>>> print(open('input-v5.pdb').read())   # PDB, N, CA and C atoms
ATOM      1  N   MET A   1       8.480  -3.575  11.818  1.00  0.00           N
ATOM      2  CA  MET A   1       7.321  -4.378  12.120  1.00  0.00           C
ATOM      3  C   MET A   1       6.069  -3.526  11.968  1.00  0.00           C
ATOM      4  N   ILE A   2       5.111  -4.025  11.263  1.00  0.00           N
ATOM      5  CA  ILE A   2       3.863  -3.300  11.043  1.00  0.00           C
ATOM      6  C   ILE A   2       2.918  -3.614  12.196  1.00  0.00           C
ATOM      7  N   SER A   3       2.589  -2.605  12.982  1.00  0.00           N
ATOM      8  CA  SER A   3       1.700  -2.802  14.122  1.00  0.00           C
ATOM      9  C   SER A   3       0.252  -2.887  13.649  1.00  0.00           C
ATOM     10  N   ILE A   4      -0.604  -3.310  14.550  1.00  0.00           N
ATOM     11  CA  ILE A   4      -2.027  -3.429  14.216  1.00  0.00           C
ATOM     12  C   ILE A   4      -2.610  -2.057  13.889  1.00  0.00           C
ATOM     13  N   SER A   5      -2.204  -1.030  14.633  1.00  0.00           N
ATOM     14  CA  SER A   5      -2.720   0.317  14.341  1.00  0.00           C
ATOM     15  C   SER A   5      -2.235   0.796  12.972  1.00  0.00           C
ATOM     16  N   ASP A   6      -0.977   0.452  12.619  1.00  0.00           N
ATOM     17  CA  ASP A   6      -0.474   0.798  11.284  1.00  0.00           C
ATOM     18  C   ASP A   6      -1.245   0.048  10.204  1.00  0.00           C
ATOM     19  N   GLN A   7      -1.559  -1.223  10.464  1.00  0.00           N
ATOM     20  CA  GLN A   7      -2.344  -2.007   9.503  1.00  0.00           C
ATOM     21  C   GLN A   7      -3.674  -1.322   9.231  1.00  0.00           C
ATOM     22  N   LYS A   8      -4.322  -0.870  10.292  1.00  0.00           N
ATOM     23  CA  LYS A   8      -5.622  -0.206  10.140  1.00  0.00           C
ATOM     24  C   LYS A   8      -5.490   1.089   9.343  1.00  0.00           C
ATOM     25  N   LYS A   9      -4.431   1.874   9.630  1.00  0.00           N
ATOM     26  CA  LYS A   9      -4.219   3.126   8.891  1.00  0.00           C
ATOM     27  C   LYS A   9      -3.975   2.848   7.413  1.00  0.00           C
ATOM     28  N   ILE A  10      -3.163   1.837   7.140  1.00  0.00           N
ATOM     29  CA  ILE A  10      -2.846   1.493   5.752  1.00  0.00           C
ATOM     30  C   ILE A  10      -4.103   1.065   5.019  1.00  0.00           C
ATOM     31  N   LYS A  11      -4.875   0.178   5.622  1.00  0.00           N
ATOM     32  CA  LYS A  11      -6.103  -0.312   4.984  1.00  0.00           C
ATOM     33  C   LYS A  11      -7.097   0.825   4.765  1.00  0.00           C
ATOM     34  N   LYS A  12      -7.214   1.719   5.757  1.00  0.00           N
ATOM     35  CA  LYS A  12      -8.155   2.834   5.638  1.00  0.00           C
ATOM     36  C   LYS A  12      -7.728   3.810   4.547  1.00  0.00           C
ATOM     37  N   GLU A  13      -6.449   4.151   4.500  1.00  0.00           N
ATOM     38  CA  GLU A  13      -5.963   5.140   3.537  1.00  0.00           C
ATOM     39  C   GLU A  13      -5.999   4.605   2.113  1.00  0.00           C
ATOM     40  N   ILE A  14      -5.571   3.357   1.931  1.00  0.00           N
ATOM     41  CA  ILE A  14      -5.528   2.788   0.582  1.00  0.00           C
ATOM     42  C   ILE A  14      -6.926   2.420   0.116  1.00  0.00           C
ATOM     43  N   GLY A  15      -7.759   1.973   1.036  1.00  0.00           N
ATOM     44  CA  GLY A  15      -9.152   1.723   0.715  1.00  0.00           C
ATOM     45  C   GLY A  15      -9.444   0.307   0.270  1.00  0.00           C
ATOM     46  N   LYS A  16     -10.621   0.181  -0.334  1.00  0.00           N
ATOM     47  CA  LYS A  16     -11.100  -1.125  -0.783  1.00  0.00           C
ATOM     48  C   LYS A  16     -10.096  -1.753  -1.753  1.00  0.00           C
ATOM     49  N   ASN A  17      -9.962  -3.056  -1.662  1.00  0.00           N
ATOM     50  CA  ASN A  17      -8.996  -3.807  -2.482  1.00  0.00           C
ATOM     51  C   ASN A  17      -7.564  -3.354  -2.220  1.00  0.00           C
ATOM     52  N   TYR A  18      -7.275  -3.060  -0.955  1.00  0.00           N
ATOM     53  CA  TYR A  18      -5.944  -2.554  -0.600  1.00  0.00           C
ATOM     54  C   TYR A  18      -4.829  -3.495  -1.032  1.00  0.00           C
ATOM     55  N   ALA A  19      -5.032  -4.810  -0.932  1.00  0.00           N
ATOM     56  CA  ALA A  19      -3.972  -5.757  -1.316  1.00  0.00           C
ATOM     57  C   ALA A  19      -3.676  -5.660  -2.808  1.00  0.00           C
ATOM     58  N   ASN A  20      -4.714  -5.533  -3.618  1.00  0.00           N
ATOM     59  CA  ASN A  20      -4.504  -5.404  -5.062  1.00  0.00           C
ATOM     60  C   ASN A  20      -3.820  -4.085  -5.409  1.00  0.00           C
ATOM     61  N   LYS A  21      -4.155  -3.022  -4.685  1.00  0.00           N
ATOM     62  CA  LYS A  21      -3.515  -1.729  -4.936  1.00  0.00           C
ATOM     63  C   LYS A  21      -2.045  -1.755  -4.523  1.00  0.00           C
ATOM     64  N   ILE A  22      -1.744  -2.410  -3.392  1.00  0.00           N
ATOM     65  CA  ILE A  22      -0.348  -2.550  -2.973  1.00  0.00           C
ATOM     66  C   ILE A  22       0.399  -3.411  -3.978  1.00  0.00           C
ATOM     67  N   LEU A  23      -0.247  -4.475  -4.435  1.00  0.00           N
ATOM     68  CA  LEU A  23       0.364  -5.349  -5.439  1.00  0.00           C
ATOM     69  C   LEU A  23       0.657  -4.574  -6.720  1.00  0.00           C
ATOM     70  N   GLU A  24      -0.275  -3.741  -7.141  1.00  0.00           N
ATOM     71  CA  GLU A  24      -0.067  -2.902  -8.327  1.00  0.00           C
ATOM     72  C   GLU A  24       1.121  -1.956  -8.110  1.00  0.00           C
ATOM     73  N   TYR A  25       1.223  -1.403  -6.911  1.00  0.00           N
ATOM     74  CA  TYR A  25       2.361  -0.537  -6.571  1.00  0.00           C
ATOM     75  C   TYR A  25       3.665  -1.326  -6.658  1.00  0.00           C
ATOM     76  N   PHE A  26       3.650  -2.566  -6.139  1.00  0.00           N
ATOM     77  CA  PHE A  26       4.834  -3.435  -6.239  1.00  0.00           C
ATOM     78  C   PHE A  26       5.226  -3.625  -7.695  1.00  0.00           C
ATOM     79  N   LEU A  27       4.259  -3.946  -8.535  1.00  0.00           N
ATOM     80  CA  LEU A  27       4.549  -4.222  -9.942  1.00  0.00           C
ATOM     81  C   LEU A  27       5.044  -2.970 -10.666  1.00  0.00           C
ATOM     82  N   ASN A  28       4.431  -1.832 -10.387  1.00  0.00           N
ATOM     83  CA  ASN A  28       4.844  -0.576 -11.028  1.00  0.00           C
ATOM     84  C   ASN A  28       6.257  -0.162 -10.634  1.00  0.00           C
ATOM     85  N   ASN A  29       6.682  -0.566  -9.438  1.00  0.00           N
ATOM     86  CA  ASN A  29       8.017  -0.216  -8.956  1.00  0.00           C
ATOM     87  C   ASN A  29       8.990  -1.388  -9.043  1.00  0.00           C
ATOM     88  N   ASN A  30       8.587  -2.410  -9.782  1.00  0.00           N
ATOM     89  CA  ASN A  30       9.438  -3.574 -10.053  1.00  0.00           C
ATOM     90  C   ASN A  30       9.914  -4.266  -8.772  1.00  0.00           C
ATOM     91  N   ILE A  31       9.007  -4.424  -7.801  1.00  0.00           N
ATOM     92  CA  ILE A  31       9.309  -5.145  -6.567  1.00  0.00           C
ATOM     93  C   ILE A  31       8.870  -6.589  -6.792  1.00  0.00           C
ATOM     94  N   LEU A  32       9.836  -7.481  -6.899  1.00  0.00           N
ATOM     95  CA  LEU A  32       9.564  -8.885  -7.194  1.00  0.00           C
ATOM     96  C   LEU A  32      10.175  -9.771  -6.117  1.00  0.00           C
ATOM     97  N   LYS A  33       9.739 -11.037  -6.099  1.00  0.00           N
ATOM     98  CA  LYS A  33      10.346 -12.015  -5.198  1.00  0.00           C
ATOM     99  C   LYS A  33      11.782 -12.256  -5.631  1.00  0.00           C
ATOM    100  N   GLU A  34      12.531 -12.942  -4.785  1.00  0.00           N
ATOM    101  CA  GLU A  34      13.938 -13.219  -5.085  1.00  0.00           C
ATOM    102  C   GLU A  34      14.107 -14.025  -6.365  1.00  0.00           C
ATOM    103  N   ASP A  35      13.112 -14.864  -6.687  1.00  0.00           N
ATOM    104  CA  ASP A  35      13.215 -15.673  -7.908  1.00  0.00           C
ATOM    105  C   ASP A  35      12.733 -14.923  -9.148  1.00  0.00           C
ATOM    106  N   GLY A  36      12.346 -13.662  -8.987  1.00  0.00           N
ATOM    107  CA  GLY A  36      11.956 -12.833 -10.126  1.00  0.00           C
ATOM    108  C   GLY A  36      10.483 -12.872 -10.472  1.00  0.00           C
ATOM    109  N   THR A  37       9.682 -13.605  -9.712  1.00  0.00           N
ATOM    110  CA  THR A  37       8.247 -13.669  -9.972  1.00  0.00           C
ATOM    111  C   THR A  37       7.533 -12.614  -9.131  1.00  0.00           C
ATOM    112  N   PRO A  38       6.380 -12.147  -9.599  1.00  0.00           N
ATOM    113  CA  PRO A  38       5.656 -11.127  -8.836  1.00  0.00           C
ATOM    114  C   PRO A  38       4.975 -11.719  -7.599  1.00  0.00           C
ATOM    115  N   TYR A  39       4.732 -10.874  -6.625  1.00  0.00           N
ATOM    116  CA  TYR A  39       3.992 -11.282  -5.438  1.00  0.00           C
ATOM    117  C   TYR A  39       2.522 -11.440  -5.794  1.00  0.00           C
ATOM    118  N   SER A  40       1.795 -12.220  -4.986  1.00  0.00           N
ATOM    119  CA  SER A  40       0.352 -12.360  -5.168  1.00  0.00           C
ATOM    120  C   SER A  40      -0.352 -11.480  -4.137  1.00  0.00           C
ATOM    121  N   ASP A  41      -1.649 -11.230  -4.369  1.00  0.00           N
ATOM    122  CA  ASP A  41      -2.392 -10.414  -3.404  1.00  0.00           C
ATOM    123  C   ASP A  41      -2.473 -11.114  -2.048  1.00  0.00           C
ATOM    124  N   LYS A  42      -2.544 -12.448  -2.045  1.00  0.00           N
ATOM    125  CA  LYS A  42      -2.572 -13.188  -0.780  1.00  0.00           C
ATOM    126  C   LYS A  42      -1.270 -13.000  -0.012  1.00  0.00           C
ATOM    127  N   MET A  43      -0.167 -12.979  -0.730  1.00  0.00           N
ATOM    128  CA  MET A  43       1.125 -12.795  -0.088  1.00  0.00           C
ATOM    129  C   MET A  43       1.250 -11.380   0.462  1.00  0.00           C
ATOM    130  N   VAL A  44       0.713 -10.404  -0.247  1.00  0.00           N
ATOM    131  CA  VAL A  44       0.742  -9.021   0.243  1.00  0.00           C
ATOM    132  C   VAL A  44      -0.042  -8.925   1.545  1.00  0.00           C
ATOM    133  N   ARG A  45      -1.213  -9.572   1.596  1.00  0.00           N
ATOM    134  CA  ARG A  45      -1.994  -9.579   2.837  1.00  0.00           C
ATOM    135  C   ARG A  45      -1.213 -10.245   3.962  1.00  0.00           C
ATOM    136  N   ALA A  46      -0.534 -11.348   3.648  1.00  0.00           N
ATOM    137  CA  ALA A  46       0.253 -12.068   4.653  1.00  0.00           C
ATOM    138  C   ALA A  46       1.403 -11.208   5.171  1.00  0.00           C
ATOM    139  N   ILE A  47       2.045 -10.459   4.285  1.00  0.00           N
ATOM    140  CA  ILE A  47       3.134  -9.568   4.696  1.00  0.00           C
ATOM    141  C   ILE A  47       2.582  -8.480   5.617  1.00  0.00           C
ATOM    142  N   LEU A  48       1.440  -7.926   5.239  1.00  0.00           N
ATOM    143  CA  LEU A  48       0.846  -6.838   6.005  1.00  0.00           C
ATOM    144  C   LEU A  48       0.399  -7.304   7.389  1.00  0.00           C
ATOM    145  N   THR A  49      -0.125  -8.510   7.488  1.00  0.00           N
ATOM    146  CA  THR A  49      -0.660  -8.996   8.764  1.00  0.00           C
ATOM    147  C   THR A  49       0.318  -9.879   9.528  1.00  0.00           C
ATOM    148  N   LYS A  50       1.523 -10.072   9.001  1.00  0.00           N
ATOM    149  CA  LYS A  50       2.578 -10.841   9.653  1.00  0.00           C
ATOM    150  C   LYS A  50       2.256 -12.327   9.783  1.00  0.00           C
ATOM    151  N   ARG A  51       1.386 -12.830   8.945  1.00  0.00           N
ATOM    152  CA  ARG A  51       1.071 -14.246   9.048  1.00  0.00           C
ATOM    153  C   ARG A  51       2.203 -15.124   8.540  1.00  0.00           C
ATOM    154  N   ARG A  52       2.973 -14.624   7.586  1.00  0.00           N
ATOM    155  CA  ARG A  52       4.026 -15.458   7.012  1.00  0.00           C
ATOM    156  C   ARG A  52       5.396 -14.817   7.023  1.00  0.00           C
ATOM    157  N   TYR A  53       5.453 -13.558   6.757  1.00  0.00           N
ATOM    158  CA  TYR A  53       6.740 -12.941   6.472  1.00  0.00           C
ATOM    159  C   TYR A  53       7.072 -11.847   7.460  1.00  0.00           C
ATOM    160  N   ASP A  54       8.341 -11.732   7.752  1.00  0.00           N
ATOM    161  CA  ASP A  54       8.848 -10.629   8.560  1.00  0.00           C
ATOM    162  C   ASP A  54      10.000 -10.022   7.770  1.00  0.00           C
ATOM    163  N   ASN A  55       9.654  -9.254   6.757  1.00  0.00           N
ATOM    164  CA  ASN A  55      10.641  -8.729   5.829  1.00  0.00           C
ATOM    165  C   ASN A  55      10.614  -7.202   5.901  1.00  0.00           C
ATOM    166  N   GLU A  56      11.655  -6.624   6.466  1.00  0.00           N
ATOM    167  CA  GLU A  56      11.695  -5.172   6.665  1.00  0.00           C
ATOM    168  C   GLU A  56      11.682  -4.400   5.355  1.00  0.00           C
ATOM    169  N   LYS A  57      12.308  -4.944   4.320  1.00  0.00           N
ATOM    170  CA  LYS A  57      12.337  -4.264   3.018  1.00  0.00           C
ATOM    171  C   LYS A  57      10.921  -4.138   2.457  1.00  0.00           C
ATOM    172  N   LEU A  58      10.163  -5.235   2.505  1.00  0.00           N
ATOM    173  CA  LEU A  58       8.798  -5.192   1.980  1.00  0.00           C
ATOM    174  C   LEU A  58       7.902  -4.314   2.838  1.00  0.00           C
ATOM    175  N   GLU A  59       8.119  -4.322   4.140  1.00  0.00           N
ATOM    176  CA  GLU A  59       7.351  -3.440   5.012  1.00  0.00           C
ATOM    177  C   GLU A  59       7.619  -1.981   4.653  1.00  0.00           C
ATOM    178  N   ALA A  60       8.868  -1.664   4.362  1.00  0.00           N
ATOM    179  CA  ALA A  60       9.218  -0.295   3.965  1.00  0.00           C
ATOM    180  C   ALA A  60       8.526   0.077   2.660  1.00  0.00           C
ATOM    181  N   VAL A  61       8.450  -0.861   1.726  1.00  0.00           N
ATOM    182  CA  VAL A  61       7.769  -0.605   0.455  1.00  0.00           C
ATOM    183  C   VAL A  61       6.280  -0.396   0.698  1.00  0.00           C
ATOM    184  N   ILE A  62       5.701  -1.170   1.608  1.00  0.00           N
ATOM    185  CA  ILE A  62       4.282  -0.995   1.930  1.00  0.00           C
ATOM    186  C   ILE A  62       4.052   0.390   2.531  1.00  0.00           C
ATOM    187  N   PHE A  63       4.950   0.852   3.395  1.00  0.00           N
ATOM    188  CA  PHE A  63       4.818   2.204   3.947  1.00  0.00           C
ATOM    189  C   PHE A  63       5.007   3.266   2.865  1.00  0.00           C
ATOM    190  N   ASP A  64       5.877   3.015   1.911  1.00  0.00           N
ATOM    191  CA  ASP A  64       6.018   3.926   0.765  1.00  0.00           C
ATOM    192  C   ASP A  64       4.714   3.984  -0.022  1.00  0.00           C
ATOM    193  N   CYS A  65       4.105   2.829  -0.206  1.00  0.00           N
ATOM    194  CA  CYS A  65       2.824   2.748  -0.915  1.00  0.00           C
ATOM    195  C   CYS A  65       1.755   3.523  -0.141  1.00  0.00           C
ATOM    196  N   TYR A  66       1.745   3.359   1.175  1.00  0.00           N
ATOM    197  CA  TYR A  66       0.811   4.089   2.031  1.00  0.00           C
ATOM    198  C   TYR A  66       0.989   5.597   1.843  1.00  0.00           C
ATOM    199  N   SER A  67       2.239   6.053   1.850  1.00  0.00           N
ATOM    200  CA  SER A  67       2.524   7.482   1.659  1.00  0.00           C
ATOM    201  C   SER A  67       2.068   7.957   0.286  1.00  0.00           C
ATOM    202  N   TYR A  68       2.285   7.122  -0.714  1.00  0.00           N
ATOM    203  CA  TYR A  68       1.868   7.444  -2.084  1.00  0.00           C
ATOM    204  C   TYR A  68       0.353   7.646  -2.139  1.00  0.00           C
ATOM    205  N   TYR A  69      -0.408   6.704  -1.577  1.00  0.00           N
ATOM    206  CA  TYR A  69      -1.863   6.817  -1.618  1.00  0.00           C
ATOM    207  C   TYR A  69      -2.364   7.950  -0.735  1.00  0.00           C
ATOM    208  N   LYS A  70      -1.686   8.204   0.376  1.00  0.00           N
ATOM    209  CA  LYS A  70      -2.086   9.316   1.237  1.00  0.00           C
ATOM    210  C   LYS A  70      -1.932  10.633   0.483  1.00  0.00           C
ATOM    211  N   THR A  71      -0.800  10.809  -0.191  1.00  0.00           N
ATOM    212  CA  THR A  71      -0.567  12.013  -0.995  1.00  0.00           C
ATOM    213  C   THR A  71      -1.583  12.114  -2.128  1.00  0.00           C
ATOM    214  N   LEU A  72      -1.832  10.996  -2.782  1.00  0.00           N
ATOM    215  CA  LEU A  72      -2.794  10.958  -3.880  1.00  0.00           C
ATOM    216  C   LEU A  72      -4.188  11.354  -3.394  1.00  0.00           C
ATOM    217  N   ASN A  73      -4.599  10.811  -2.252  1.00  0.00           N
ATOM    218  CA  ASN A  73      -5.915  11.131  -1.702  1.00  0.00           C
ATOM    219  C   ASN A  73      -6.012  12.593  -1.278  1.00  0.00           C
ATOM    220  N   GLU A  74      -4.949  13.128  -0.680  1.00  0.00           N
ATOM    221  CA  GLU A  74      -4.955  14.540  -0.284  1.00  0.00           C
ATOM    222  C   GLU A  74      -5.023  15.454  -1.503  1.00  0.00           C
ATOM    223  N   THR A  75      -4.306  15.094  -2.551  1.00  0.00           N
ATOM    224  CA  THR A  75      -4.340  15.869  -3.794  1.00  0.00           C
ATOM    225  C   THR A  75      -5.741  15.854  -4.390  1.00  0.00           C
ATOM    226  N   GLU A  76      -6.375  14.700  -4.360  1.00  0.00           N
ATOM    227  CA  GLU A  76      -7.738  14.574  -4.891  1.00  0.00           C
ATOM    228  C   GLU A  76      -8.717  15.411  -4.067  1.00  0.00           C
ATOM    229  N   LYS A  77      -8.558  15.410  -2.745  1.00  0.00           N
ATOM    230  CA  LYS A  77      -9.420  16.228  -1.888  1.00  0.00           C
ATOM    231  C   LYS A  77      -9.254  17.710  -2.206  1.00  0.00           C
ATOM    232  N   GLN A  78      -8.008  18.155  -2.403  1.00  0.00           N
ATOM    233  CA  GLN A  78      -7.742  19.548  -2.747  1.00  0.00           C
ATOM    234  C   GLN A  78      -8.346  19.903  -4.101  1.00  0.00           C
ATOM    235  N   ARG A  79      -8.248  18.983  -5.041  1.00  0.00           N
ATOM    236  CA  ARG A  79      -8.809  19.215  -6.376  1.00  0.00           C
ATOM    237  C   ARG A  79     -10.324  19.369  -6.294  1.00  0.00           C
ATOM    238  N   ARG A  80     -10.961  18.485  -5.532  1.00  0.00           N
ATOM    239  CA  ARG A  80     -12.424  18.563  -5.378  1.00  0.00           C
ATOM    240  C   ARG A  80     -12.836  19.857  -4.684  1.00  0.00           C
ATOM    241  N   LYS A  81     -12.084  20.229  -3.653  1.00  0.00           N
ATOM    242  CA  LYS A  81     -12.378  21.461  -2.929  1.00  0.00           C
ATOM    243  C   LYS A  81     -12.264  22.657  -3.866  1.00  0.00           C
ATOM    244  N   HIS A  82     -11.237  22.664  -4.692  1.00  0.00           N
ATOM    245  CA  HIS A  82     -11.028  23.750  -5.646  1.00  0.00           C
ATOM    246  C   HIS A  82     -12.170  23.798  -6.667  1.00  0.00           C
ATOM    247  N   LEU A  83     -12.611  22.625  -7.134  1.00  0.00           N
ATOM    248  CA  LEU A  83     -13.714  22.579  -8.100  1.00  0.00           C
ATOM    249  C   LEU A  83     -15.016  23.084  -7.490  1.00  0.00           C
ATOM    250  N   LEU A  84     -15.249  22.759  -6.216  1.00  0.00           N
ATOM    251  CA  LEU A  84     -16.470  23.214  -5.557  1.00  0.00           C
ATOM    252  C   LEU A  84     -16.464  24.722  -5.333  1.00  0.00           C
ATOM    253  N   GLN A  85     -15.300  25.293  -5.139  1.00  0.00           N
ATOM    254  CA  GLN A  85     -15.195  26.732  -4.926  1.00  0.00           C
ATOM    255  C   GLN A  85     -15.284  27.518  -6.223  1.00  0.00           C
ATOM    256  N   SER A  86     -15.090  26.861  -7.336  1.00  0.00           N
ATOM    257  CA  SER A  86     -15.116  27.550  -8.635  1.00  0.00           C
ATOM    258  C   SER A  86     -16.515  27.851  -9.080  1.00  0.00           C
TER
END
>>> encode(input="input-v5.pdb", output="structure tokens")
Amino acid sequence: MISISDQKKIKKEIGKNYANKILEYFLNNNILKEDGTPYSDKMVRAILTKRRYDNEKLEAVIFDCYSYYKTLNETEKQRRKHLLQS
């Protein structure tokens, strides 16, 4: 279950257009609905905020996406720091 504090962390780490970025992560990792169609950004928001779905598998994928963006952001910060020191 994604708590409200987790929702805030996910939104903050992924940033603006977080639903579209999560959706892109879903598509890149071939995460589709049971009927084989892709999720929509509205559905991603609903999964994240628990308005419609309580799906542990998708929640786990969202946390994987969060970890991916957190690592990506940390790498970018290190790169910028290295460039400033050069």
>>> resolve_selection(input="input-v5.pdb", expression="the PyMOL selection byres (((chain A and resi 49 and name CA) around 12) and name CA)", output="ChimeraX atom specification")
/A:1-8,10-11,19,42-48,50-55,59,62
>>> atom_distance(input="input-v5.pdb", atom1="atom CA of Leu27 of chain A", atom2="atom CA of Lys12 of chain A")
21.3 Å
>>> atom_distance(input="input-v5.pdb", atom1="atom C of Asp35 of chain A", atom2="atom N of Lys21 of chain A")
21.1 Å
>>> atom_distance(input="input-v5.pdb", atom1="atom CA of Lys16 of chain A", atom2="atom CA of Glu56 of chain A")
24.3 Å
>>> closest_residue(input="input-v5.pdb", among="A:Asp64, A:Thr71, A:Glu76, A:Gly15", to="Asn29 of chain A", atoms="only C-alpha atoms")
A:Asp64
>>> axis_aligned_box(input="input-v5.pdb", around="segment 67-86 of chain A", padding_each_side="4 Å", output="AutoDock Vina command-line options")
--center_x -7.0 --center_y 17.0 --center_z -3.6 --size_x 27.0 --size_y 29.8 --size_z 18.9
>>> closest_residue(input="input-v5.pdb", among="A:Thr75, A:Thr37, A:Lys70, A:Ser86", to="Glu13 of chain A", atoms="all atoms listed in the file")
A:Lys70
>>> select_by_dssp(input="input-v5.pdb", residues="chain A", states="helix (DSSP H, G or I)", output="PyMOL selection string")
chain A and resi 4-14+18-28+41-49+56-85
>>> closest_residue(input="input-v5.pdb", among="A:Arg79, A:Glu74, A:Lys9, A:Tyr39", to="Leu23 of chain A", atoms="all atoms listed in the file")
A:Tyr39
>>> closest_residue(input="input-v5.pdb", among="A:Gly36, A:His82, A:Asp41, A:Ser67", to="Glu24 of chain A", atoms="all atoms listed in the file")
A:Asp41
>>> residues_around(input="input-v5.pdb", residues="Cys65 of chain A", least_positions_apart="4", cutoff="7 Å", atoms="all atoms listed in the file", output="list in words")
Ile22, Tyr25, Ala60, Val61, Tyr69 and Lys70 of chain A
